[in-house]
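*Asks:* Let me begin by handing over the structure; questions about it come next.
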Amino acid sequence: MSTEKYKKQAAEAALEYVEDGDIVGVGTGSTVNFFIDALAGTNKRIAGAVSSSEASTQRLQSRGIELMQLNSTGDLPVYIDGADEATRHRHLIKGGGGALTREKIIAGASRRFVCIADESKLVGALGAFPLPVEVIPFARSFVARQMVRLGGQPAWREGFVTDNGNEIIDVHHLEISEPGKMEQKINNIPGVVSVGIFALRPADVLLIAGADGVREI
Ligand code: 5RP
């Protein structure tokens, strides 16, 4: 119950980073849903939003927020998204909801990436949460074998198809002591579309909500 309360608090705190006239990048997930609701309820007059998933698109539309396509906006001033894990270095694991590829593209195209989360997401080191890897279906077993070589235990997210028509492998028990190096290694495997480590382009601001309020890291 308090987890939901903290997600909402972090989401509402992110409004501080949104200015009138902004085109806002919007992530995916239950924390972002609170942000979309807060954005719809605020008196800030944004120019529109770029969505990272069909799910967020539907919610934005239902709240009357204008949608824009990244191909016609240029870079964005701000991107707001959640995470499955976050460290003090603002390295993240994302993709629990399967939207990691578009999330990574929008993060890359944004000048400021504000990550919002409840305190349960803050970890000492990444890797307890199974690492999502989006793969081209043809390459799924090949990529899974490469993940075993890296020390992980891959599990196919069976029946799940991403918004891009691809599949997800969740990699358990992978040691991620150097997130940037691991991100690069997995990126280099043929058939990988994207990996849920966000270290090469980390969050710029981490808003963590918990019993002591919202902390900015
Ligand atoms: C979706 C994501 C989400 O940000 C992540 O799964 C966190 O979700 P939630 O806010 O529901 O805990 O990366 O691909």
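Ordering of the structure tokens sets the chain letters (A, B, ...); residue numbers start at 1 within each chain; ligands are numbered from 1 in the order shown.
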Once DSSP has gone over the backbone, tell me which residues of segment 33-157 of chain A are in helix (DSSP H, G or I), as a PyMOL selection string.
*Replies:* chain A and resi 33-41+54-62+70-73+100-108+119-121+137-149
*Asks:* Counting only C-alpha atoms and all ligand atoms, which residues of chain A fall within 7 Å of ligand 1, and what is the closest atom pair for each with its distance in Å at one decimal, ordered by chain and rising number, as CSV?
*Replies:*
residue,atom,partner,partner_atom_place_in_ligand_line,distance
A:Gly27,CA,ligand 1,4 (O),6.4
A:Thr28,CA,ligand 1,1 (C),4.9
A:Gly29,CA,ligand 1,11 (O),3.8
A:Ser30,CA,ligand 1,11 (O),3.6
A:Thr31,CA,ligand 1,10 (O),3.7
A:Val32,CA,ligand 1,10 (O),5.9
A:Asp81,CA,ligand 1,4 (O),5.6
A:Gly82,CA,ligand 1,4 (O),3.6
A:Ala83,CA,ligand 1,4 (O),4.0
A:Asp84,CA,ligand 1,7 (C),4.6
A:Lys94,CA,ligand 1,13 (O),3.6
A:Gly95,CA,ligand 1,14 (O),3.4
A:Gly96,CA,ligand 1,6 (O),3.7
A:Gly97,CA,ligand 1,1 (C),3.7
A:Gly98,CA,ligand 1,14 (O),4.4
A:Ala99,CA,ligand 1,14 (O),3.8
A:Leu100,CA,ligand 1,14 (O),4.8
A:Ala117,CA,ligand 1,10 (O),6.7
*Asks:* Determine the nearest neighbour of Pro132 of chain A from the options A:Ile23, A:Ala203, A:Ile169, A:Leu76, counting only C-alpha atoms.
*Replies:*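 Among the listed residues, the smallest separation from Pro132 of chain A belongs to A:Ile169.
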*Asks:* Could you pull out the residues in segment 1-67 of chain A that DSSP calls strand (DSSP E) from the backbone, as a list in words?
*Replies:*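 Answer for segment 1-67 of chain A restricted to strand (DSSP E) is Ile23, Val24, Gly25, Val26, Gly48, Ala49, Val50 and Ser51 of chain A.
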*Asks:* Suppose you want the space between atom CA of Tyr6 of chain A and atom CA of Ala40 of chain A; what is it in Å?
*Replies:*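 Rounded to one decimal, the two atoms are 19.0 Å apart.
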*Asks:* Pick out the residues sitting within 8 Å of Val18 of chain A, and hand them over as a list in words; count only C-alpha atoms, and ignore anything fewer than 5 positions along from it in its own chain.
*Replies:*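 Those residues are Val24, Lys44, Ile46 and Val78 of chain A.
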*Asks:* Once you have the residues from the selection above, write them out as a compact mmCIF listing (two decimals), in the first residue's frame, restricted to all heavy atoms.
*Replies:*
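New file result-v8.txt:
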# COMPACT_ATOMS: atom_id res chain seq x y z
N VAL A 24 7.30 16.60 -23.48
CA VAL A 24 7.77 15.74 -22.39
C VAL A 24 7.86 14.29 -22.86
O VAL A 24 6.88 13.75 -23.40
CB VAL A 24 6.80 15.83 -21.18
CG1 VAL A 24 7.29 14.98 -20.02
CG2 VAL A 24 6.64 17.29 -20.74
N LYS A 44 0.30 23.25 -15.70
CA LYS A 44 1.40 23.49 -16.66
C LYS A 44 0.88 23.28 -18.07
O LYS A 44 0.11 22.35 -18.31
CB LYS A 44 2.54 22.52 -16.39
CG LYS A 44 3.16 22.76 -15.04
CD LYS A 44 4.61 22.40 -14.96
CE LYS A 44 5.07 22.93 -13.62
NZ LYS A 44 6.30 22.53 -13.14
N ILE A 46 2.02 22.13 -21.25
CA ILE A 46 3.07 21.52 -22.07
C ILE A 46 2.64 21.52 -23.54
O ILE A 46 1.45 21.61 -23.84
CB ILE A 46 3.40 20.08 -21.60
CG1 ILE A 46 2.19 19.15 -21.76
CG2 ILE A 46 3.91 20.08 -20.17
CD1 ILE A 46 2.55 17.68 -21.68
N VAL A 78 13.02 17.05 -21.55
CA VAL A 78 12.93 16.23 -20.32
C VAL A 78 12.22 14.91 -20.59
O VAL A 78 11.30 14.84 -21.42
CB VAL A 78 12.22 17.04 -19.21
CG1 VAL A 78 10.77 17.36 -19.56
CG2 VAL A 78 12.29 16.34 -17.86
*Asks:* When you draw a straight line from atom CA of Leu15 of chain A to atom CA of Ile65 of chain A, how long is it in Å?
*Replies:* 14.7 Å
*Asks:* Show me, as a ChimeraX atom specification, the residues that have an atom within 7 Å of Ile93 of chain A when counting only C-alpha atoms, minus same-chain residues fewer than 6 positions from it.
*Replies:* /A:83-86,126,131,196-198
*Asks:* Restricting it to N, CA and C atoms, dump the selection as an mmCIF file, in the first residue's frame.
*Replies:*
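The resulting file, out_38.cif, is shown below:
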data_model
loop_
_atom_site.group_PDB
_atom_site.id
_atom_site.type_symbol
_atom_site.label_atom_id
_atom_site.label_comp_id
_atom_site.auth_asym_id
_atom_site.auth_seq_id
_atom_site.Cartn_x
_atom_site.Cartn_y
_atom_site.Cartn_z
ATOM 1 N N ALA A 83 11.815 2.814 -12.939
ATOM 2 C CA ALA A 83 12.894 1.830 -13.053
ATOM 3 C C ALA A 83 12.556 0.611 -12.206
ATOM 4 N N ASP A 84 13.183 -0.494 -12.549
ATOM 5 C CA ASP A 84 13.044 -1.705 -11.732
ATOM 6 C C ASP A 84 14.119 -1.743 -10.648
ATOM 7 N N GLU A 85 15.285 -1.210 -10.951
ATOM 8 C CA GLU A 85 16.349 -1.033 -9.954
ATOM 9 C C GLU A 85 17.100 0.250 -10.285
ATOM 10 N N ALA A 86 17.615 0.906 -9.239
ATOM 11 C CA ALA A 86 18.429 2.115 -9.438
ATOM 12 C C ALA A 86 19.525 2.146 -8.383
ATOM 13 N N LEU A 126 23.281 -3.427 -9.197
ATOM 14 C CA LEU A 126 22.239 -3.946 -10.091
ATOM 15 C C LEU A 126 22.332 -5.464 -10.211
ATOM 16 N N LEU A 131 17.399 -9.299 -15.558
ATOM 17 C CA LEU A 131 17.698 -8.271 -16.571
ATOM 18 C C LEU A 131 16.946 -8.538 -17.883
ATOM 19 N N GLY A 196 18.259 -3.969 -20.849
ATOM 20 C CA GLY A 196 17.646 -3.108 -19.837
ATOM 21 C C GLY A 196 18.606 -2.427 -18.876
ATOM 22 N N ILE A 197 19.930 -2.530 -19.114
ATOM 23 C CA ILE A 197 20.876 -1.742 -18.304
ATOM 24 C C ILE A 197 20.915 -0.338 -18.894
ATOM 25 N N PHE A 198 20.675 0.656 -18.053
ATOM 26 C CA PHE A 198 20.799 2.067 -18.462
ATOM 27 C C PHE A 198 21.971 2.661 -17.683
#
*Asks:* So which residues touch Glu216 of chain A within 7 Å, counting only C-alpha atoms, skipping near sequence neighbours fewer than 3 positions away, as a PyMOL selection string?
*Replies:* chain A and resi 205-208
